[in-house]
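Here's final.tsv, which has TSV, C-alpha atoms and all ligand atoms:
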```tsv
chain	number	residue	atom	x	y	z
Q	60	MET	CA	139.86	136.58	164.44
Q	61	ILE	CA	142.12	134.20	162.51
Q	62	TYR	CA	145.01	136.73	162.41
Q	63	ASP	CA	145.23	136.69	166.21
Q	64	LYS	CA	146.28	133.05	165.76
Q	65	LEU	CA	148.52	133.62	162.71
Q	66	ALA	CA	150.30	136.71	164.11
Q	67	LYS	CA	153.24	135.07	165.88
Q	68	ASN	CA	154.43	133.21	162.76
Q	69	TYR	CA	153.39	135.78	160.14
Q	70	ASP	CA	156.74	137.55	159.59
Q	71	ARG	CA	158.72	134.29	159.65
Q	72	VAL	CA	156.46	132.63	157.04
Q	73	LEU	CA	156.59	135.65	154.73
Q	74	LYS	CA	160.34	136.28	155.09
Q	75	PRO	CA	161.52	134.29	152.01
Q	76	PHE	CA	158.80	135.92	149.86
Q	77	GLU	CA	159.68	139.37	151.21
Q	78	ARG	CA	163.31	138.90	150.16
Q	79	ARG	CA	162.52	137.58	146.68
Q	80	PHE	CA	159.72	139.90	145.54
Q	81	LEU	CA	157.30	141.16	148.21
Q	82	ASN	CA	159.56	143.91	149.57
Q	83	GLY	CA	160.06	145.23	146.04
Q	84	TRP	CA	156.31	145.19	145.38
Q	85	ARG	CA	155.63	146.95	148.69
Q	86	ARG	CA	158.15	149.70	147.79
Q	87	GLU	CA	156.55	150.11	144.34
Q	88	THR	CA	153.01	150.22	145.83
Q	89	LEU	CA	153.81	152.88	148.40
Q	90	SER	CA	155.71	154.94	145.80
Q	91	MET	CA	152.30	155.54	144.16
Q	92	LEU	CA	151.11	157.49	147.24
Q	93	PRO	CA	151.30	161.31	147.39
Q	94	LYS	CA	154.03	162.92	149.53
Q	95	ASN	CA	153.33	165.13	152.57
Q	96	ALA	CA	149.72	163.98	152.66
Q	97	ARG	CA	147.32	162.45	155.19
Q	98	ILE	CA	147.71	158.71	154.59
Q	99	LEU	CA	145.59	155.82	155.89
Q	100	GLU	CA	146.65	152.17	155.75
Q	101	ILE	CA	144.04	149.48	156.41
Q	102	GLY	CA	144.89	145.93	157.49
Q	103	ALA	CA	148.45	146.99	158.31
Q	104	GLY	CA	149.20	143.61	159.90
Q	105	THR	CA	152.61	143.41	161.60
Q	106	GLY	CA	153.78	146.63	159.91
Q	107	ALA	CA	155.62	145.15	156.93
Q	108	ASN	CA	155.00	148.35	154.93
Q	109	PHE	CA	156.40	150.76	157.53
Q	110	PRO	CA	159.91	151.00	155.96
Q	111	PHE	CA	158.36	152.16	152.67
Q	112	TYR	CA	156.00	154.92	153.90
Q	113	PRO	CA	156.55	158.23	152.06
Q	114	ASN	CA	157.02	161.48	153.99
Q	115	CYS	CA	153.54	162.09	155.38
Q	116	ARG	CA	151.69	165.01	156.94
Q	117	HIS	CA	150.03	162.33	159.05
Q	118	ALA	CA	150.26	158.56	158.75
Q	119	LEU	CA	147.75	156.22	160.41
Q	120	ALA	CA	147.96	152.43	160.18
Q	121	GLY	CA	144.78	150.54	161.09
Q	122	GLU	CA	144.38	146.85	161.81
Q	123	ILE	CA	141.58	144.71	163.22
Q	124	SER	CA	143.69	142.04	164.98
Q	125	GLY	CA	145.04	142.95	168.42
Q	126	LYS	CA	147.90	140.45	168.12
Q	127	MET	CA	149.04	141.81	164.74
Q	128	ILE	CA	148.95	145.35	166.19
Q	129	GLU	CA	151.19	144.34	169.12
Q	130	LEU	CA	153.87	143.30	166.60
Q	131	ALA	CA	153.34	146.39	164.43
Q	132	LYS	CA	153.79	148.68	167.43
Q	133	SER	CA	157.25	147.28	168.07
Q	134	LYS	CA	158.34	148.38	164.57
Q	135	THR	CA	157.62	152.13	164.55
Q	136	ALA	CA	157.59	155.20	166.73
Q	137	SER	CA	156.50	157.68	164.06
Q	138	ILE	CA	153.41	156.05	162.55
Q	139	ASP	CA	150.15	156.11	164.54
Q	140	ILE	CA	148.56	152.67	164.90
Q	141	ALA	CA	144.94	151.99	165.82
Q	142	GLN	CA	142.61	149.02	166.01
Q	143	PHE	CA	139.58	149.26	163.74
Q	144	ASP	CA	137.53	147.40	161.15
Q	145	ALA	CA	138.05	148.54	157.55
Q	146	GLU	CA	134.33	147.91	157.01
Q	147	ALA	CA	133.39	150.57	159.60
Q	148	LEU	CA	136.07	153.27	159.65
Q	149	PRO	CA	135.86	155.54	162.71
Q	150	PHE	CA	136.64	158.76	160.79
Q	151	ALA	CA	134.72	161.68	159.38
Q	152	GLY	CA	134.36	161.97	155.61
Q	153	ASN	CA	137.34	163.36	153.66
Q	154	SER	CA	139.76	162.85	156.60
Q	155	PHE	CA	142.56	161.52	154.34
Q	156	ASP	CA	144.24	162.42	151.05
Q	157	ALA	CA	145.06	158.80	150.19
Q	158	ALA	CA	144.69	155.26	151.50
Q	159	PHE	CA	146.31	151.94	150.77
Q	160	ALA	CA	146.27	148.24	151.61
Q	161	THR	CA	148.54	145.30	150.80
Q	162	LEU	CA	147.23	141.71	150.82
Q	163	VAL	CA	144.11	142.76	152.72
Q	164	PHE	CA	141.08	142.65	150.42
Q	165	CYS	CA	141.42	138.86	150.18
Q	166	SER	CA	140.63	138.59	153.90
Q	167	ILE	CA	138.01	141.29	154.46
Q	168	PRO	CA	134.63	139.51	154.80
Q	169	ASN	CA	132.64	142.13	152.81
Q	170	PRO	CA	135.05	144.02	150.54
Q	171	GLU	CA	132.18	146.15	149.14
Q	172	ASN	CA	131.74	147.74	152.58
Q	173	ALA	CA	135.46	148.51	152.87
Q	174	PHE	CA	135.48	150.19	149.44
Q	175	GLU	CA	132.44	152.29	150.43
Q	176	GLU	CA	134.23	153.34	153.61
Q	177	LEU	CA	137.50	154.21	151.82
Q	178	LYS	CA	135.55	156.25	149.30
Q	179	ARG	CA	133.90	158.15	152.16
Q	180	VAL	CA	137.03	158.95	154.21
Q	181	VAL	CA	139.39	159.79	151.31
Q	182	ALA	CA	138.84	163.23	149.78
Q	183	SER	CA	137.69	163.57	146.18
Q	184	GLY	CA	140.62	163.24	143.76
Q	185	GLY	CA	142.55	161.22	146.38
Q	186	ARG	CA	144.27	157.94	145.63
Q	187	ILE	CA	143.55	154.44	146.85
Q	188	VAL	CA	146.42	152.06	146.12
Q	189	LEU	CA	146.18	148.30	146.57
Q	190	LEU	CA	148.55	145.36	146.24
Q	191	GLU	CA	146.36	142.26	146.21
Q	192	HIS	CA	146.41	138.66	145.12
Q	193	VAL	CA	143.38	138.14	142.89
Q	194	ARG	CA	141.64	135.62	140.64
Q	195	PRO	CA	143.90	135.50	137.56
Q	196	LYS	CA	142.19	136.25	134.22
Q	197	ASN	CA	144.05	133.41	132.46
Q	198	LEU	CA	143.61	129.61	132.63
Q	199	LEU	CA	144.66	129.65	136.28
Q	200	GLY	CA	141.33	131.28	137.18
Q	201	SER	CA	139.40	128.03	137.67
Q	202	ALA	CA	142.26	126.56	139.73
Q	203	PHE	CA	141.96	129.55	142.04
Q	204	ASP	CA	138.18	128.97	142.34
Q	205	PHE	CA	139.01	125.47	143.59
Q	206	ILE	CA	141.83	126.53	145.94
Q	207	ASN	CA	139.48	129.18	147.34
Q	208	ILE	CA	137.25	126.50	148.90
Q	209	PHE	CA	140.13	125.43	151.15
Q	210	THR	CA	141.75	128.81	151.87
Q	211	VAL	CA	138.43	130.31	153.00
Q	212	ALA	CA	137.76	127.32	155.28
Q	213	LEU	CA	141.28	127.22	156.74
Q	214	ILE	CA	142.52	130.81	156.91
Q	215	GLU	CA	139.52	132.96	155.87
Q	216	ASP	CA	141.48	134.03	152.76
Q	217	HIS	CA	139.59	134.45	149.46
Q	218	PHE	CA	141.78	133.29	146.59
Q	219	ASN	CA	139.39	134.26	143.80
Q	220	ARG	CA	138.54	137.88	144.60
Q	221	GLU	CA	138.27	140.19	141.60
Q	222	THR	CA	139.42	143.22	143.52
Q	223	ALA	CA	139.85	145.75	140.70
Q	224	GLU	CA	136.33	144.94	139.48
Q	225	LEU	CA	134.95	145.36	143.02
Q	226	ALA	CA	136.70	148.74	143.31
Q	227	GLU	CA	135.19	149.86	140.01
Q	228	LYS	CA	131.72	148.66	141.08
Q	229	ALA	CA	132.10	150.75	144.25
Q	230	GLY	CA	132.50	153.82	142.02
Q	231	LEU	CA	136.27	154.25	142.19
Q	232	LYS	CA	138.04	155.29	139.01
Q	233	ILE	CA	140.69	152.71	138.08
Q	234	LEU	CA	143.80	154.55	136.91
Q	235	GLU	CA	146.09	151.55	136.45
Q	236	VAL	CA	146.33	147.82	137.12
Q	237	ARG	CA	149.88	146.42	137.05
Q	238	GLN	CA	149.98	142.63	136.71
Q	239	LYS	CA	152.52	140.69	138.78
Q	240	ALA	CA	153.28	136.96	138.89
Q	241	PHE	CA	151.22	136.00	135.81
Q	242	GLY	CA	148.26	138.10	136.97
Q	243	ILE	CA	148.02	136.42	140.39
Q	244	VAL	CA	148.95	139.70	142.07
Q	245	ASN	CA	147.70	143.13	141.00
Q	246	LEU	CA	148.95	146.58	141.92
Q	247	ILE	CA	145.75	148.61	141.57
Q	248	VAL	CA	145.74	152.42	141.53
Q	249	CYS	CA	142.33	154.10	141.95
Q	250	GLU	CA	141.07	157.66	142.25
Q	251	VAL	CA	138.18	158.71	144.44
Q	252	VAL	CA	135.43	160.41	142.45
Q	253	LYS	CA	132.56	161.96	144.45
Q	301	LIG	C1	147.48	138.86	154.79
Q	301	LIG	S1	147.45	140.00	156.10
Q	301	LIG	C2	148.31	141.39	155.37
Q	301	LIG	C3	149.00	142.24	156.40
Q	301	LIG	C4	149.85	143.37	155.80
Q	301	LIG	N1	149.01	144.31	155.12
Q	301	LIG	C5	150.91	142.84	154.89
Q	301	LIG	O1	150.97	143.26	153.73
Q	301	LIG	O2	151.74	142.04	155.37
Q	301	LIG	C6	145.76	140.57	156.12
Q	301	LIG	C7	145.53	141.56	157.24
Q	301	LIG	O3	144.23	142.17	157.06
Q	301	LIG	C8	143.63	142.29	158.34
Q	301	LIG	N2	142.19	142.41	158.18
Q	301	LIG	C9	141.31	141.47	157.76
Q	301	LIG	N3	140.05	141.94	157.78
Q	301	LIG	C10	140.14	143.22	158.22
Q	301	LIG	C11	139.18	144.22	158.48
Q	301	LIG	N4	137.87	144.04	158.25
Q	301	LIG	N5	139.60	145.42	158.94
Q	301	LIG	C12	140.93	145.65	159.16
Q	301	LIG	N6	141.89	144.73	158.95
Q	301	LIG	C13	141.50	143.53	158.49
Q	301	LIG	C14	144.06	141.01	159.04
Q	301	LIG	O4	143.89	141.08	160.43
Q	301	LIG	C15	145.51	140.90	158.60
Q	301	LIG	O5	146.39	141.56	159.47
```

Could you write out this file's structure as structure tokens?
Ligand SMILES: C[S@@+](CC[C@H](N)C(=O)[O-])C[C@H]1O[C@@H](n2cnc3c(N)ncnc32)[C@H](O)[C@@H]1O
Amino acid sequence: MIYDKLAKNYDRVLKPFERRFLNGWRRETLSMLPKNARILEIGAGTGANFPFYPNCRHALAGEISGKMIELAKSKTASIDIAQFDAEALPFAGNSFDAAFATLVFCSIPNPENAFEELKRVVASGGRIVLLEHVRPKNLLGSAFDFINIFTVALIEDHFNRETAELAEKAGLKILEVRQKAFGIVNLIVCEVVK
């Protein structure tokens, strides 16, 4: 798992981006979640979203990398953290009212499986909110196809994912796509329809 290797430097590398724009985008993303609900985060990493969680009936942060989880655990006492694969969620159907992920769908090997799983575990009418870097729809698109060759080989990160389109193909209803950074980053709000 590449993130076991990246974990120890993850927060330090992201720090300048967090200060300039990422923290603001995280706050905005999590503000789209319902209050006092059962919330699932997938690919929670080192817990960078923890300060922005809304009041929850129950909050569960999942992550596949053991090393990332170790760091996340040191950042919260109130949010449950567990190790699991977003492509095979260990929960019964309709266990959550909403789910979210930030910067995760670029690194999930088979995003279609993760969308199927989120659709299964989030109750009908529930929200799935994503903050993801994606293949831009403008002239930059082909540049991202090229960069993707290297990012996949080096850090298993897909730079040309069309995440909103994948969500729609999985049967989620797209409520809104907010473009950030010239369309390189999308805040995607979906509703589960069963
Ligand atoms: C770029 S990091 C983002 C971490 C955090 N969400 C953030 O915003 O800082 C991607 C994270 O997704 C996790 N991840 C990748 N594939 C996963 C999977 N199949 N199931 C769960 N987590 C996964 C990685 O281990 C990593 O922690």

Env. residues ligand LIG 301 (chain Q) / 7 Å / all atoms listed in the file / as a ChimeraX atom specification: /Q:62,101-108,121-124,127,143-146,160-163,166-168

Within 9 Å of segment 86-88 of chain Q using all atoms listed in the file, minus same-chain residues under 3 positions, as a list in words: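 Selected residues are Leu81, Asn82, Gly83, Met91, Leu92, Asn108, Pro110, Phe111, Tyr112, Phe159, Thr161, Val188, Leu189, Leu190, Leu246, Ile247 and Val248 of chain Q.
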
All residues 7 Å or closer to Lys94 of chain Q, all atoms listed in the file, same chain fewer than 6 positions away omitted, as a ChimeraX atom specification: /Q:113-115

Could you take the residues named above and write them with C-alpha atoms, as a tab-separated table (two decimals), in the coordinates of the input?
```
chain	number	residue	atom	x	y	z
Q	113	PRO	CA	156.55	158.23	152.06
Q	114	ASN	CA	157.02	161.48	153.99
Q	115	CYS	CA	153.54	162.09	155.38
```

Counting only C-alpha atoms, the residue of Q:Ala96, Q:Arg220, Q:Arg116, Q:Lys126 that sits nearest Ala66 of chain Q: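 For Ala66 of chain Q, the nearest of the given residues is Q:Lys126.
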
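Closest approach to Gly230 of chain Q among Q:Asp70, Q:Glu176, Q:Glu191, Q:Asp204 is made by Q:Glu176 (distances from only C-alpha atoms).
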